[in-house]
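Enquirer: Below is the file model.pdb, which contains PDB, C-alpha atoms.
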```
ATOM      1  CA  MET A 323     -20.418  17.728  -3.390  1.00  0.00           C
ATOM      2  CA  ILE A 324     -17.703  15.938  -1.426  1.00  0.00           C
ATOM      3  CA  THR A 325     -14.977  18.353  -0.373  1.00  0.00           C
ATOM      4  CA  ALA A 326     -11.303  17.840   0.431  1.00  0.00           C
ATOM      5  CA  ASP A 327     -11.831  18.353   4.168  1.00  0.00           C
ATOM      6  CA  LYS A 328     -14.276  15.430   4.296  1.00  0.00           C
ATOM      7  CA  LEU A 329     -11.689  12.892   3.101  1.00  0.00           C
ATOM      8  CA  MET A 330      -8.371  14.359   4.205  1.00  0.00           C
ATOM      9  CA  THR A 331      -6.148  12.876   6.880  1.00  0.00           C
ATOM     10  CA  ARG A 332      -6.006  15.325   9.769  1.00  0.00           C
ATOM     11  CA  ASN A 333      -3.089  13.725  11.575  1.00  0.00           C
ATOM     12  CA  LEU A 334      -0.113  15.540  10.048  1.00  0.00           C
ATOM     13  CA  VAL A 335       3.197  13.723  10.385  1.00  0.00           C
ATOM     14  CA  SER A 336       6.308  15.848  10.035  1.00  0.00           C
ATOM     15  CA  ILE A 337      10.064  15.565  10.119  1.00  0.00           C
ATOM     16  CA  GLN A 338      12.737  18.207  10.584  1.00  0.00           C
ATOM     17  CA  VAL A 339      15.134  19.355   7.873  1.00  0.00           C
ATOM     18  CA  GLY A 340      18.421  17.479   8.288  1.00  0.00           C
ATOM     19  CA  MET A 341      16.826  14.187   9.235  1.00  0.00           C
ATOM     20  CA  SER A 342      17.513  11.209   6.968  1.00  0.00           C
ATOM     21  CA  ALA A 343      15.363   9.477   4.386  1.00  0.00           C
ATOM     22  CA  ILE A 344      15.422   6.363   6.573  1.00  0.00           C
ATOM     23  CA  GLU A 345      13.869   8.363   9.431  1.00  0.00           C
ATOM     24  CA  ALA A 346      11.144   9.583   7.071  1.00  0.00           C
ATOM     25  CA  ALA A 347      10.457   5.991   5.980  1.00  0.00           C
ATOM     26  CA  LYS A 348      10.250   4.858   9.615  1.00  0.00           C
ATOM     27  CA  LEU A 349       7.743   7.616  10.415  1.00  0.00           C
ATOM     28  CA  MET A 350       5.608   6.583   7.455  1.00  0.00           C
ATOM     29  CA  LYS A 351       5.685   2.976   8.624  1.00  0.00           C
ATOM     30  CA  ASN A 352       4.924   3.801  12.264  1.00  0.00           C
ATOM     31  CA  TYR A 353       2.053   6.177  11.468  1.00  0.00           C
ATOM     32  CA  LYS A 354       0.803   4.136   8.463  1.00  0.00           C
ATOM     33  CA  VAL A 355       0.942   7.135   6.112  1.00  0.00           C
ATOM     34  CA  GLY A 356       2.381   7.619   2.640  1.00  0.00           C
ATOM     35  CA  SER A 357       3.928  11.040   3.207  1.00  0.00           C
ATOM     36  CA  VAL A 358       5.550  13.297   5.783  1.00  0.00           C
ATOM     37  CA  PHE A 359       5.829  17.060   5.776  1.00  0.00           C
ATOM     38  CA  VAL A 360       9.301  18.548   6.104  1.00  0.00           C
ATOM     39  CA  LYS A 361       9.652  21.357   8.651  1.00  0.00           C
ATOM     40  CA  GLN A 362      12.312  23.990   9.073  1.00  0.00           C
ATOM     41  CA  GLU A 363      11.969  26.152  12.182  1.00  0.00           C
ATOM     42  CA  ASN A 364       8.252  25.285  12.629  1.00  0.00           C
ATOM     43  CA  ARG A 365       7.479  26.120   8.973  1.00  0.00           C
ATOM     44  CA  ILE A 366       6.507  23.408   6.493  1.00  0.00           C
ATOM     45  CA  VAL A 367       8.892  23.656   3.545  1.00  0.00           C
ATOM     46  CA  GLY A 368       8.248  20.421   1.640  1.00  0.00           C
ATOM     47  CA  ILE A 369       6.799  16.937   1.531  1.00  0.00           C
ATOM     48  CA  VAL A 370       8.455  13.522   1.219  1.00  0.00           C
ATOM     49  CA  THR A 371       6.367  10.659  -0.139  1.00  0.00           C
ATOM     50  CA  GLU A 372       6.885   6.914  -0.505  1.00  0.00           C
ATOM     51  CA  PRO A 373       7.573   7.331  -4.252  1.00  0.00           C
ATOM     52  CA  ASP A 374      10.252   9.946  -3.417  1.00  0.00           C
ATOM     53  CA  ILE A 375      12.075   7.415  -1.247  1.00  0.00           C
ATOM     54  CA  ILE A 376      11.698   4.638  -3.818  1.00  0.00           C
ATOM     55  CA  ARG A 377      12.726   6.687  -6.853  1.00  0.00           C
ATOM     56  CA  LYS A 378      15.248   9.132  -5.416  1.00  0.00           C
ATOM     57  CA  VAL A 379      16.931   6.884  -2.847  1.00  0.00           C
ATOM     58  CA  VAL A 380      16.361   3.148  -3.341  1.00  0.00           C
ATOM     59  CA  GLY A 381      16.069   3.256  -7.134  1.00  0.00           C
ATOM     60  CA  ALA A 382      19.089   5.537  -7.375  1.00  0.00           C
ATOM     61  CA  GLU A 383      21.067   3.125  -5.157  1.00  0.00           C
ATOM     62  CA  ARG A 384      21.753   5.821  -2.546  1.00  0.00           C
ATOM     63  CA  VAL A 385      22.208   4.992   1.126  1.00  0.00           C
ATOM     64  CA  PRO A 386      19.065   6.212   2.956  1.00  0.00           C
ATOM     65  CA  TYR A 387      20.925   6.792   6.231  1.00  0.00           C
ATOM     66  CA  TYR A 388      22.958   9.569   4.586  1.00  0.00           C
ATOM     67  CA  ILE A 389      20.347  11.289   2.432  1.00  0.00           C
ATOM     68  CA  PRO A 390      18.713  14.290   4.141  1.00  0.00           C
ATOM     69  CA  VAL A 391      14.992  14.677   3.536  1.00  0.00           C
ATOM     70  CA  GLU A 392      15.473  18.093   1.971  1.00  0.00           C
ATOM     71  CA  ASP A 393      17.413  16.423  -0.865  1.00  0.00           C
ATOM     72  CA  ILE A 394      14.405  14.319  -1.868  1.00  0.00           C
ATOM     73  CA  MET A 395      11.401  16.415  -0.809  1.00  0.00           C
ATOM     74  CA  SER A 396       8.994  18.087  -3.196  1.00  0.00           C
ATOM     75  CA  SER A 397       8.799  21.843  -2.808  1.00  0.00           C
ATOM     76  CA  PRO A 398       6.797  23.963  -3.095  1.00  0.00           C
ATOM     77  CA  ILE A 399       3.952  21.861  -1.773  1.00  0.00           C
ATOM     78  CA  ILE A 400       0.949  21.524  -4.067  1.00  0.00           C
ATOM     79  CA  GLY A 401      -2.245  22.125  -2.151  1.00  0.00           C
ATOM     80  CA  ILE A 402      -5.961  22.714  -2.315  1.00  0.00           C
ATOM     81  CA  ASP A 403      -8.414  24.691  -0.219  1.00  0.00           C
ATOM     82  CA  SER A 404     -10.326  22.497   2.220  1.00  0.00           C
ATOM     83  CA  ARG A 405     -13.703  23.505   0.706  1.00  0.00           C
ATOM     84  CA  ARG A 406     -12.819  22.538  -2.863  1.00  0.00           C
ATOM     85  CA  SER A 407     -14.290  19.400  -4.419  1.00  0.00           C
ATOM     86  CA  ILE A 408     -12.466  16.089  -4.649  1.00  0.00           C
ATOM     87  CA  THR A 409     -12.876  16.318  -8.425  1.00  0.00           C
ATOM     88  CA  GLU A 410     -10.726  19.445  -8.355  1.00  0.00           C
ATOM     89  CA  ALA A 411      -8.271  17.615  -6.083  1.00  0.00           C
ATOM     90  CA  ALA A 412      -7.996  14.758  -8.581  1.00  0.00           C
ATOM     91  CA  ASP A 413      -7.460  17.247 -11.408  1.00  0.00           C
ATOM     92  CA  LEU A 414      -4.660  18.964  -9.456  1.00  0.00           C
ATOM     93  CA  MET A 415      -2.991  15.638  -8.731  1.00  0.00           C
ATOM     94  CA  GLU A 416      -3.070  14.757 -12.405  1.00  0.00           C
ATOM     95  CA  GLN A 417      -1.863  18.194 -13.502  1.00  0.00           C
ATOM     96  CA  TYR A 418       1.140  18.156 -11.158  1.00  0.00           C
ATOM     97  CA  GLY A 419       1.839  14.422 -11.265  1.00  0.00           C
ATOM     98  CA  THR A 420       1.494  14.004  -7.524  1.00  0.00           C
ATOM     99  CA  ARG A 421      -0.359  11.570  -5.278  1.00  0.00           C
ATOM    100  CA  HIS A 422      -0.584  13.865  -2.245  1.00  0.00           C
ATOM    101  CA  LEU A 423      -1.998  17.345  -1.732  1.00  0.00           C
ATOM    102  CA  ALA A 424      -1.717  19.584   1.289  1.00  0.00           C
ATOM    103  CA  VAL A 425      -5.170  20.743   2.373  1.00  0.00           C
ATOM    104  CA  TYR A 426      -5.303  24.407   3.366  1.00  0.00           C
ATOM    105  CA  SER A 427      -7.662  26.418   5.498  1.00  0.00           C
ATOM    106  CA  GLY A 428      -6.536  29.965   4.876  1.00  0.00           C
ATOM    107  CA  ALA A 429      -2.735  29.908   5.017  1.00  0.00           C
ATOM    108  CA  ALA A 430      -2.522  26.913   7.365  1.00  0.00           C
ATOM    109  CA  ILE A 431      -2.103  23.289   6.312  1.00  0.00           C
ATOM    110  CA  VAL A 432      -4.847  21.368   8.106  1.00  0.00           C
ATOM    111  CA  GLY A 433      -4.561  17.989   6.431  1.00  0.00           C
ATOM    112  CA  VAL A 434      -3.240  15.888   3.599  1.00  0.00           C
ATOM    113  CA  LEU A 435      -5.254  14.277   0.822  1.00  0.00           C
ATOM    114  CA  SER A 436      -3.889  11.242  -0.993  1.00  0.00           C
ATOM    115  CA  VAL A 437      -5.024   9.583  -4.171  1.00  0.00           C
ATOM    116  CA  ARG A 438      -6.035   6.641  -1.979  1.00  0.00           C
ATOM    117  CA  ASP A 439      -8.334   8.930   0.035  1.00  0.00           C
ATOM    118  CA  LEU A 440     -10.172   9.795  -3.185  1.00  0.00           C
ATOM    119  CA  LEU A 441     -11.253   6.150  -3.491  1.00  0.00           C
ATOM    120  CA  HIS A 442     -13.162   6.256  -0.198  1.00  0.00           C
ATOM    121  CA  PRO A 443     -16.472   7.591  -1.630  1.00  0.00           C
ATOM    122  CA  VAL A 444     -16.379   4.891  -4.312  1.00  0.00           C
ATOM    123  CA  SER A 445     -15.998   2.147  -1.717  1.00  0.00           C
ATOM    124  CA  ILE A 446     -18.906   3.553   0.296  1.00  0.00           C
ATOM    125  CA  ASP A 447     -21.170   3.678  -2.781  1.00  0.00           C
ATOM    126  CA  GLU A 448     -20.440   0.024  -3.553  1.00  0.00           C
ATOM    127  CA  MET A 449     -21.620  -1.205  -0.152  1.00  0.00           C
TER     128      MET A 449
END
```
Kindly present the structure from the file in structure tokens form.

Expert:
Amino acid sequence: MITADKLMTRNLVSIQVGMSAIEAAKLMKNYKVGSVFVKQENRIVGIVTEPDIIRKVVGAERVPYYIPVEDIMSSPIIGIDSRRSITEAADLMEQYGTRHLAVYSGAAIVGVLSVRDLLHPVSIDEM
């Protein structure tokens, strides 16, 4: 069984509450990730994804320099225990209509799992 911790991205990228959507987009570009966690006083309070920026800022014709990340973040964060299977992860993503899950070990977020990460075992099997 392939578990969430085997495929998750361990490098967590975060941004502080009050920062703009444009800053979130720049972080995603610089770190080559599709999401950033939103922190308030060292506590993760939400997640901003590429679709959030596209739908809630660009598609809504809002100016990204003036939109704080907390206005477009998803909260609470949907997550999965690190030892759960990727099948369960895919089911959670479908159930909640999300492409990213926080991966938990106990109460701590230790990674992020994207729908793209779930394709990795398929690409390995095809080689």

Enquirer: Quick one: apply the PyMOL selection byres ((chain A and resi 339) around 7) to the file and drop the selected residues here as a ChimeraX atom specification.

Expert: /A:337-338,340-341,360-362,391-392

Enquirer: List, as a list in words, every residue that the PyMOL selection byres ((chain A and resi 420) around 12) selects in the file provided.

Expert: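 This file gives the following for the PyMOL selection byres ((chain A and resi 420) around 12): Ser357, Ile369, Val370, Thr371, Glu372, Pro373, Asp374, Ser396, Ser397, Ile399, Ile400, Gly401, Ala411, Ala412, Asp413, Leu414, Met415, Glu416, Gln417, Tyr418, Gly419, Arg421, His422, Leu423, Ala424, Leu435, Ser436, Val437 and Arg438 of chain A.
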
Enquirer: Pick out the closest residue to Asp327 (chain A) from this set: A:Ile431, A:Ile344, A:Val425, A:Leu441. Count all atoms listed in the file.

Expert: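 Comparing A:Ile431, A:Ile344, A:Val425, A:Leu441 against Asp327 (chain A), the winner is A:Val425.
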
Enquirer: Between CA of Tyr387 (chain A) and CA of Ala343 (chain A), what is the spacing in Å?

Expert: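 It comes out at 6.4 Å.
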
Enquirer: Using all atoms listed in the file, which protein or nucleic acid residues come within 8 Å of Ser407 (chain A)? Drop anything in the same chain fewer than 3 positions from it, and give the result as number ranges by chain.

Expert: A: 323-326, 410-411

Enquirer: Counting only C-alpha atoms, which of A:Ser342, A:Val358, A:Lys328, A:Ser336 gets nearest to Pro390 (chain A)?

Expert: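 Answer, going by the shortest atom-to-atom distance: A:Ser342.
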
Enquirer: CA of Tyr426 (chain A) and CA of Asp403 (chain A) are how many Å apart?

Expert: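 So the two atoms, CA of Tyr426 (chain A) and CA of Asp403 (chain A), lie 4.8 Å apart.
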
Enquirer: I'd like the interatomic distance between CA of Lys354 (chain A) and CA of Gly428 (chain A), to a tenth of an Å.

Expert: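 Separation between CA of Lys354 (chain A) and CA of Gly428 (chain A): 27.1 Å.
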